[in-house]
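In what follows, a single structure is set out as structure tokens and then discussed.
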Amino acid sequence: MKKVALALVAISCLANAAAAEQQSPWLVRARAVNITPADKSDPIGGVGASDRLTVSTKTIPEVDISYFFTPNIAAELVLTYPQKHDAALDGSNIGTFKHLPPTLTAQYHFSPEAKVSPYLGVGVNYTNISSVNLLNGNGALDHHSVGLALQAGIDFKLDKHWSINVDVKKVQIRSDVFISGNKVSAMQIDPLLVGIGVGYRF
């Protein structure tokens with residue numbers, strides 16, 4: 001009986017030690033992200049017209065929260081605040097609008113225990129478009145956009161908690177364009193987002 005009791009105590013101690021070494025499933029990152037729109041909007045005036053809407057490039061702050069369901073599989077929620085962009089028509093500024101683009105992705109981390117840990121992700125982007133001020137109030141956009149989000153990134157681990165992150169996303173953001181209530185174009189922002197930042201694993 002004494003041997004059995006000692007064995008149970010030893011197993012309990014090993015289990016507690018393993019639990020103490022196990023990382024939290026929560027990871028928080030802060031990134032600086034450059035947004036480069038694709039600018040593939042339909043020409044205003046139909047096929048063959050040269051007037052196209054373009055959207056300004058911008059660098060923004062971003063915070064994302066990841067939860068690891070297993071060492072390899074995680075979900076990431078990307079958050080920021082409404083971002084203001086300039087819009088131009090054939091190179092001439094025609095106004096501004098704001099968009100808030102939270103994105104949720106499911107990720108696979110290939111080498112979660114390694115110092116260099118790459119991952120791929122796929123998910124959905126929901127964009128709320130607001131504060132539209134185009135063509136002195138005569139232009140309008142849709143209020144919402146839902147689209148696919150693709151992601152690839154690498155974590156460079158500094159220690160058990162801290163890491164440097166490089167992340168690239170391609171996101172679908174689209175909206176019809178209206179002038180005086182009439183649809184005149186379909187805007188394809190579809191930005192490429194390239195970010196670098198720091199992460200903390202709890």
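Within each chain, counting starts at residue 1; across the structure tokens, chains are named A, B, ... in the order shown, with ligands numbered 1 upward in that order.
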At most 8 Å is the cut-off: for each residue in segment 33-73 of chain A with any atom that close to an atom of segment 85-89 of chain A, write down the nearest atom pair and the distance in Å rounded to one decimal, counting only C-alpha atoms, chain first then increasing number, as CSV.
```
residue,atom,partner,partner_atom,distance
A:Asp51,CA,A:Leu89,CA,6.1
A:Arg52,CA,A:Leu89,CA,5.6
A:Leu53,CA,A:Leu89,CA,4.7
A:Thr54,CA,A:Ala88,CA,5.2
A:Val55,CA,A:Ala87,CA,4.7
A:Ser56,CA,A:Asp86,CA,5.3
A:Thr57,CA,A:His85,CA,7.8
A:Lys58,CA,A:His85,CA,7.6
```
Output file for the selection above: all heavy atoms, as a tab-separated table (two decimals), in the first residue's frame:
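Heads up, here's the output in selection_16.tsv:
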```tsv
chain	number	residue	atom	x	y	z
A	51	ASP	N	-12.34	56.70	-65.97
A	51	ASP	CA	-12.50	57.25	-64.62
A	51	ASP	C	-12.70	56.12	-63.61
A	51	ASP	O	-13.73	55.42	-63.67
A	51	ASP	CB	-13.68	58.22	-64.55
A	51	ASP	CG	-13.42	59.49	-65.36
A	51	ASP	OD1	-12.24	59.75	-65.65
A	51	ASP	OD2	-14.39	60.19	-65.70
A	52	ARG	N	-11.75	55.92	-62.71
A	52	ARG	CA	-11.85	54.88	-61.70
A	52	ARG	C	-11.64	55.47	-60.32
A	52	ARG	O	-10.84	56.38	-60.13
A	52	ARG	CB	-10.79	53.79	-61.93
A	52	ARG	CG	-11.00	52.97	-63.19
A	52	ARG	CD	-9.89	51.95	-63.36
A	52	ARG	NE	-10.03	51.18	-64.58
A	52	ARG	CZ	-10.72	50.05	-64.68
A	52	ARG	NH1	-11.32	49.55	-63.61
A	52	ARG	NH2	-10.82	49.42	-65.83
A	53	LEU	N	-12.36	54.91	-59.37
A	53	LEU	CA	-12.18	55.31	-57.98
A	53	LEU	C	-10.97	54.60	-57.40
A	53	LEU	O	-10.78	53.40	-57.60
A	53	LEU	CB	-13.42	54.94	-57.16
A	53	LEU	CG	-14.62	55.89	-57.23
A	53	LEU	CD1	-15.82	55.26	-56.56
A	53	LEU	CD2	-14.28	57.22	-56.56
A	54	THR	N	-10.15	55.34	-56.67
A	54	THR	CA	-9.02	54.76	-55.96
A	54	THR	C	-9.09	55.18	-54.50
A	54	THR	O	-9.69	56.21	-54.16
A	54	THR	CB	-7.68	55.20	-56.57
A	54	THR	OG1	-7.61	56.63	-56.56
A	54	THR	CG2	-7.55	54.70	-58.00
A	55	VAL	N	-8.46	54.39	-53.65
A	55	VAL	CA	-8.50	54.61	-52.20
A	55	VAL	C	-7.07	54.73	-51.69
A	55	VAL	O	-6.18	53.98	-52.12
A	55	VAL	CB	-9.24	53.47	-51.47
A	55	VAL	CG1	-9.24	53.68	-49.97
A	55	VAL	CG2	-10.67	53.35	-52.00
A	56	SER	N	-6.85	55.65	-50.76
A	56	SER	CA	-5.50	55.95	-50.29
A	56	SER	C	-4.90	54.79	-49.48
A	56	SER	O	-5.59	54.07	-48.77
A	56	SER	CB	-5.51	57.21	-49.42
A	56	SER	OG	-6.36	57.03	-48.29
A	57	THR	N	-3.58	54.65	-49.61
A	57	THR	CA	-2.81	53.74	-48.77
A	57	THR	C	-2.65	54.35	-47.38
A	57	THR	O	-2.57	55.57	-47.24
A	57	THR	CB	-1.43	53.49	-49.40
A	57	THR	OG1	-1.61	52.87	-50.68
A	57	THR	CG2	-0.57	52.60	-48.54
A	58	LYS	N	-2.59	53.49	-46.37
A	58	LYS	CA	-2.51	54.01	-45.00
A	58	LYS	C	-1.84	53.00	-44.09
A	58	LYS	O	-1.95	51.79	-44.30
A	58	LYS	CB	-3.92	54.33	-44.49
A	58	LYS	CG	-3.96	55.06	-43.17
A	58	LYS	CD	-5.37	55.55	-42.87
A	58	LYS	CE	-5.37	56.44	-41.63
A	58	LYS	NZ	-6.71	56.98	-41.35
```
Check the DSSP output for the backbone and give back, as a PyMOL selection string, the residues of segment 23-200 of chain A in strand (DSSP E or B).
chain A and resi 26-36+53-55+58-68+73-79+83-89+92-100+103-109+116-134+139-141+144-157+162-171+174-179+182-188+192-200
May I have the selected residues written with C-alpha atoms, as a compact mmCIF listing (two decimals), in the first residue's frame?
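The new file again26.txt reads:
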```txt
# COMPACT_ATOMS: atom_id res chain seq x y z
CA TRP A 26 -4.25 33.35 -24.90
CA LEU A 27 -1.93 35.40 -27.12
CA VAL A 28 -2.22 39.17 -27.64
CA ARG A 29 -0.37 41.11 -30.34
CA ALA A 30 0.00 44.77 -31.26
CA ARG A 31 0.96 45.53 -34.85
CA ALA A 32 1.61 48.43 -37.19
CA VAL A 33 -0.17 47.53 -40.44
CA ASN A 34 0.19 49.04 -43.90
CA ILE A 35 -3.03 48.93 -45.92
CA THR A 36 -2.58 48.92 -49.71
CA LEU A 53 -12.18 55.31 -57.98
CA THR A 54 -9.02 54.76 -55.96
CA VAL A 55 -8.50 54.61 -52.20
CA LYS A 58 -2.51 54.01 -45.00
CA THR A 59 -0.57 52.65 -42.01
CA ILE A 60 -2.71 51.91 -38.94
CA PRO A 61 -2.36 50.45 -35.42
CA GLU A 62 -3.92 47.06 -34.84
CA VAL A 63 -4.54 44.75 -31.87
CA ASP A 64 -5.36 41.08 -32.24
CA ILE A 65 -6.36 38.43 -29.73
CA SER A 66 -5.67 34.73 -30.38
CA TYR A 67 -6.95 31.67 -28.55
CA PHE A 68 -5.20 28.31 -29.01
CA ILE A 73 -4.94 25.36 -34.06
CA ALA A 74 -5.94 28.88 -33.03
CA ALA A 75 -8.56 31.54 -33.74
CA GLU A 76 -7.53 35.17 -34.14
CA LEU A 77 -9.74 38.27 -33.84
CA VAL A 78 -8.23 41.42 -35.38
CA LEU A 79 -9.40 44.75 -33.98
CA GLN A 83 -10.00 54.28 -40.26
CA LYS A 84 -10.37 57.33 -42.51
CA HIS A 85 -9.38 57.05 -46.17
CA ASP A 86 -9.22 59.52 -49.03
CA ALA A 87 -11.02 58.60 -52.25
CA ALA A 88 -9.98 59.85 -55.66
CA LEU A 89 -11.56 59.79 -59.10
CA SER A 92 -8.53 63.95 -58.19
CA ASN A 93 -9.65 63.81 -54.56
CA ILE A 94 -13.43 63.55 -54.24
CA GLY A 95 -13.79 63.11 -50.48
CA THR A 96 -13.34 60.67 -47.61
CA PHE A 97 -14.96 57.74 -45.83
CA LYS A 98 -14.27 55.62 -42.75
CA HIS A 99 -14.25 51.87 -42.39
CA LEU A 100 -14.06 49.54 -39.38
CA THR A 103 -11.52 40.13 -39.05
CA LEU A 104 -11.79 36.61 -37.60
CA THR A 105 -9.49 33.85 -38.87
CA ALA A 106 -8.83 30.20 -38.06
CA GLN A 107 -5.10 29.46 -38.05
CA TYR A 108 -2.81 26.45 -38.30
CA HIS A 109 0.59 26.89 -36.62
CA VAL A 116 10.45 30.38 -35.63
CA SER A 117 6.80 29.41 -35.98
CA PRO A 118 4.98 29.99 -39.32
CA TYR A 119 1.20 29.84 -39.67
CA LEU A 120 -1.58 30.09 -42.24
CA GLY A 121 -5.09 31.38 -41.67
CA VAL A 122 -8.44 31.73 -43.40
CA GLY A 123 -11.53 33.52 -42.21
CA VAL A 124 -14.06 36.27 -42.71
CA ASN A 125 -13.90 40.04 -42.70
CA TYR A 126 -16.83 42.27 -41.78
CA THR A 127 -16.41 45.94 -42.65
CA ASN A 128 -18.66 48.75 -41.49
CA ILE A 129 -18.44 51.79 -43.78
CA SER A 130 -19.37 55.14 -42.24
CA SER A 131 -18.85 58.92 -42.38
CA VAL A 132 -19.03 58.89 -46.18
CA ASN A 133 -18.39 62.34 -47.62
CA LEU A 134 -17.94 62.02 -51.40
CA GLY A 139 -21.72 60.27 -53.45
CA ALA A 140 -22.58 57.27 -51.27
CA LEU A 141 -21.32 53.77 -50.45
CA HIS A 144 -21.52 46.95 -44.89
CA SER A 145 -19.14 44.54 -46.59
CA VAL A 146 -18.52 40.86 -45.83
CA GLY A 147 -15.69 38.99 -47.52
CA LEU A 148 -12.98 36.34 -47.39
CA ALA A 149 -9.74 36.88 -45.48
CA LEU A 150 -6.51 34.94 -46.19
CA GLN A 151 -3.50 35.13 -43.88
CA ALA A 152 0.13 34.04 -43.57
CA GLY A 153 2.57 34.93 -40.84
CA ILE A 154 5.58 34.04 -38.71
CA ASP A 155 6.21 34.36 -34.98
CA PHE A 156 9.84 34.81 -33.90
CA LYS A 157 9.91 33.79 -30.24
CA TRP A 162 7.34 37.48 -25.91
CA SER A 163 7.60 37.24 -29.69
CA ILE A 164 8.06 39.36 -32.80
CA ASN A 165 5.40 38.86 -35.45
CA VAL A 166 5.24 39.45 -39.21
CA ASP A 167 1.81 39.02 -40.76
CA VAL A 168 0.30 39.37 -44.25
CA LYS A 169 -3.43 39.34 -45.05
CA LYS A 170 -5.51 39.70 -48.20
CA VAL A 171 -9.02 40.85 -47.41
CA ARG A 174 -16.26 45.80 -51.60
CA SER A 175 -19.03 48.35 -52.01
CA ASP A 176 -21.32 49.71 -54.68
CA VAL A 177 -20.83 53.40 -55.45
CA PHE A 178 -23.79 55.73 -55.84
CA ILE A 179 -24.05 59.27 -57.17
CA ASN A 182 -27.84 55.95 -58.85
CA LYS A 183 -25.28 53.12 -58.87
CA VAL A 184 -22.29 54.18 -60.99
CA SER A 185 -19.54 51.73 -60.00
CA ALA A 186 -18.59 48.72 -57.86
CA MET A 187 -15.61 49.54 -55.69
CA GLN A 188 -13.13 46.72 -54.98
CA LEU A 192 -3.22 43.81 -48.88
CA LEU A 193 -2.31 44.25 -45.21
CA VAL A 194 1.32 43.85 -44.19
CA GLY A 195 1.99 44.11 -40.46
CA ILE A 196 4.83 43.83 -37.99
CA GLY A 197 4.46 43.83 -34.25
CA VAL A 198 5.04 42.27 -30.87
CA GLY A 199 3.14 39.46 -29.17
CA TYR A 200 2.68 38.33 -25.57
```
Interatomic distance between atom CA of His143 of chain A and atom CA of Asp90 of chain A?
23.5 Å
Do you have the atom CA of Asp190 of chain A-atom CA of Leu135 of chain A distance handy?
22.3 Å
Identify all residues of chain A in helix (DSSP H, G or I) (DSSP on the backbone) and supply them as an NGL selection string.
:A and (2-21 or 135-137)
Okay, now the selection with N, CA and C atoms, as a PDB file, in the first residue's frame?
```pdb
ATOM      1  N   LYS A   2       1.968   1.193   0.768  1.00  0.00           N
ATOM      2  CA  LYS A   2       2.845   2.360   0.819  1.00  0.00           C
ATOM      3  C   LYS A   2       3.426   2.660  -0.570  1.00  0.00           C
ATOM      4  N   LYS A   3       3.786   1.592  -1.292  1.00  0.00           N
ATOM      5  CA  LYS A   3       4.340   1.787  -2.630  1.00  0.00           C
ATOM      6  C   LYS A   3       3.318   2.406  -3.565  1.00  0.00           C
ATOM      7  N   VAL A   4       2.071   1.937  -3.449  1.00  0.00           N
ATOM      8  CA  VAL A   4       1.002   2.496  -4.286  1.00  0.00           C
ATOM      9  C   VAL A   4       0.785   3.968  -3.968  1.00  0.00           C
ATOM     10  N   ALA A   5       0.799   4.298  -2.652  1.00  0.00           N
ATOM     11  CA  ALA A   5       0.608   5.688  -2.243  1.00  0.00           C
ATOM     12  C   ALA A   5       1.741   6.567  -2.747  1.00  0.00           C
ATOM     13  N   LEU A   6       2.981   6.071  -2.631  1.00  0.00           N
ATOM     14  CA  LEU A   6       4.117   6.842  -3.117  1.00  0.00           C
ATOM     15  C   LEU A   6       4.046   7.044  -4.636  1.00  0.00           C
ATOM     16  N   ALA A   7       3.601   6.002  -5.340  1.00  0.00           N
ATOM     17  CA  ALA A   7       3.468   6.113  -6.793  1.00  0.00           C
ATOM     18  C   ALA A   7       2.429   7.153  -7.165  1.00  0.00           C
ATOM     19  N   LEU A   8       1.297   7.171  -6.440  1.00  0.00           N
ATOM     20  CA  LEU A   8       0.246   8.152  -6.713  1.00  0.00           C
ATOM     21  C   LEU A   8       0.726   9.564  -6.439  1.00  0.00           C
ATOM     22  N   VAL A   9       1.498   9.740  -5.353  1.00  0.00           N
ATOM     23  CA  VAL A   9       2.045  11.065  -5.038  1.00  0.00           C
ATOM     24  C   VAL A   9       3.007  11.519  -6.136  1.00  0.00           C
ATOM     25  N   ALA A  10       3.850  10.593  -6.614  1.00  0.00           N
ATOM     26  CA  ALA A  10       4.805  10.929  -7.675  1.00  0.00           C
ATOM     27  C   ALA A  10       4.089  11.325  -8.956  1.00  0.00           C
ATOM     28  N   ILE A  11       3.040  10.578  -9.314  1.00  0.00           N
ATOM     29  CA  ILE A  11       2.267  10.898 -10.525  1.00  0.00           C
ATOM     30  C   ILE A  11       1.610  12.261 -10.389  1.00  0.00           C
ATOM     31  N   SER A  12       1.062  12.537  -9.198  1.00  0.00           N
ATOM     32  CA  SER A  12       0.415  13.825  -8.953  1.00  0.00           C
ATOM     33  C   SER A  12       1.412  14.976  -9.093  1.00  0.00           C
ATOM     34  N   CYS A  13       2.608  14.784  -8.556  1.00  0.00           N
ATOM     35  CA  CYS A  13       3.639  15.830  -8.645  1.00  0.00           C
ATOM     36  C   CYS A  13       4.045  16.084 -10.106  1.00  0.00           C
ATOM     37  N   LEU A  14       4.192  15.000 -10.861  1.00  0.00           N
ATOM     38  CA  LEU A  14       4.552  15.153 -12.268  1.00  0.00           C
ATOM     39  C   LEU A  14       3.462  15.858 -13.050  1.00  0.00           C
ATOM     40  N   ALA A  15       2.202  15.523 -12.751  1.00  0.00           N
ATOM     41  CA  ALA A  15       1.075  16.165 -13.436  1.00  0.00           C
ATOM     42  C   ALA A  15       1.015  17.648 -13.118  1.00  0.00           C
ATOM     43  N   ASN A  16       1.250  17.988 -11.842  1.00  0.00           N
ATOM     44  CA  ASN A  16       1.238  19.399 -11.447  1.00  0.00           C
ATOM     45  C   ASN A  16       2.377  20.168 -12.108  1.00  0.00           C
ATOM     46  N   ALA A  17       3.548  19.531 -12.208  1.00  0.00           N
ATOM     47  CA  ALA A  17       4.684  20.185 -12.855  1.00  0.00           C
ATOM     48  C   ALA A  17       4.417  20.417 -14.333  1.00  0.00           C
ATOM     49  N   ALA A  18       3.794  19.431 -14.984  1.00  0.00           N
ATOM     50  CA  ALA A  18       3.466  19.581 -16.409  1.00  0.00           C
ATOM     51  C   ALA A  18       2.451  20.687 -16.613  1.00  0.00           C
ATOM     52  N   ALA A  19       1.462  20.765 -15.726  1.00  0.00           N
ATOM     53  CA  ALA A  19       0.454  21.818 -15.835  1.00  0.00           C
ATOM     54  C   ALA A  19       1.069  23.185 -15.645  1.00  0.00           C
ATOM     55  N   ALA A  20       2.054  23.267 -14.727  1.00  0.00           N
ATOM     56  CA  ALA A  20       2.707  24.564 -14.474  1.00  0.00           C
ATOM     57  C   ALA A  20       3.490  25.036 -15.684  1.00  0.00           C
ATOM     58  N   GLU A  21       4.052  24.045 -16.466  1.00  0.00           N
ATOM     59  CA  GLU A  21       4.837  24.401 -17.638  1.00  0.00           C
ATOM     60  C   GLU A  21       3.978  24.735 -18.843  1.00  0.00           C
ATOM     61  N   LEU A 135     -17.999  63.684 -53.159  1.00  0.00           N
ATOM     62  CA  LEU A 135     -18.614  64.578 -54.140  1.00  0.00           C
ATOM     63  C   LEU A 135     -19.569  65.565 -53.469  1.00  0.00           C
ATOM     64  N   ASN A 136     -19.073  66.171 -52.379  1.00  0.00           N
ATOM     65  CA  ASN A 136     -19.861  67.181 -51.652  1.00  0.00           C
ATOM     66  C   ASN A 136     -21.223  66.663 -51.206  1.00  0.00           C
ATOM     67  N   GLY A 137     -21.233  65.397 -50.800  1.00  0.00           N
ATOM     68  CA  GLY A 137     -22.466  64.809 -50.285  1.00  0.00           C
ATOM     69  C   GLY A 137     -23.311  64.106 -51.317  1.00  0.00           C
TER      70      GLY A 137
END
```
Pick out the closest residue to Pro37 of chain A from this set: A:Pro82, A:Gln172, A:Arg201, A:Pro112. Count only C-alpha atoms.
A:Gln172
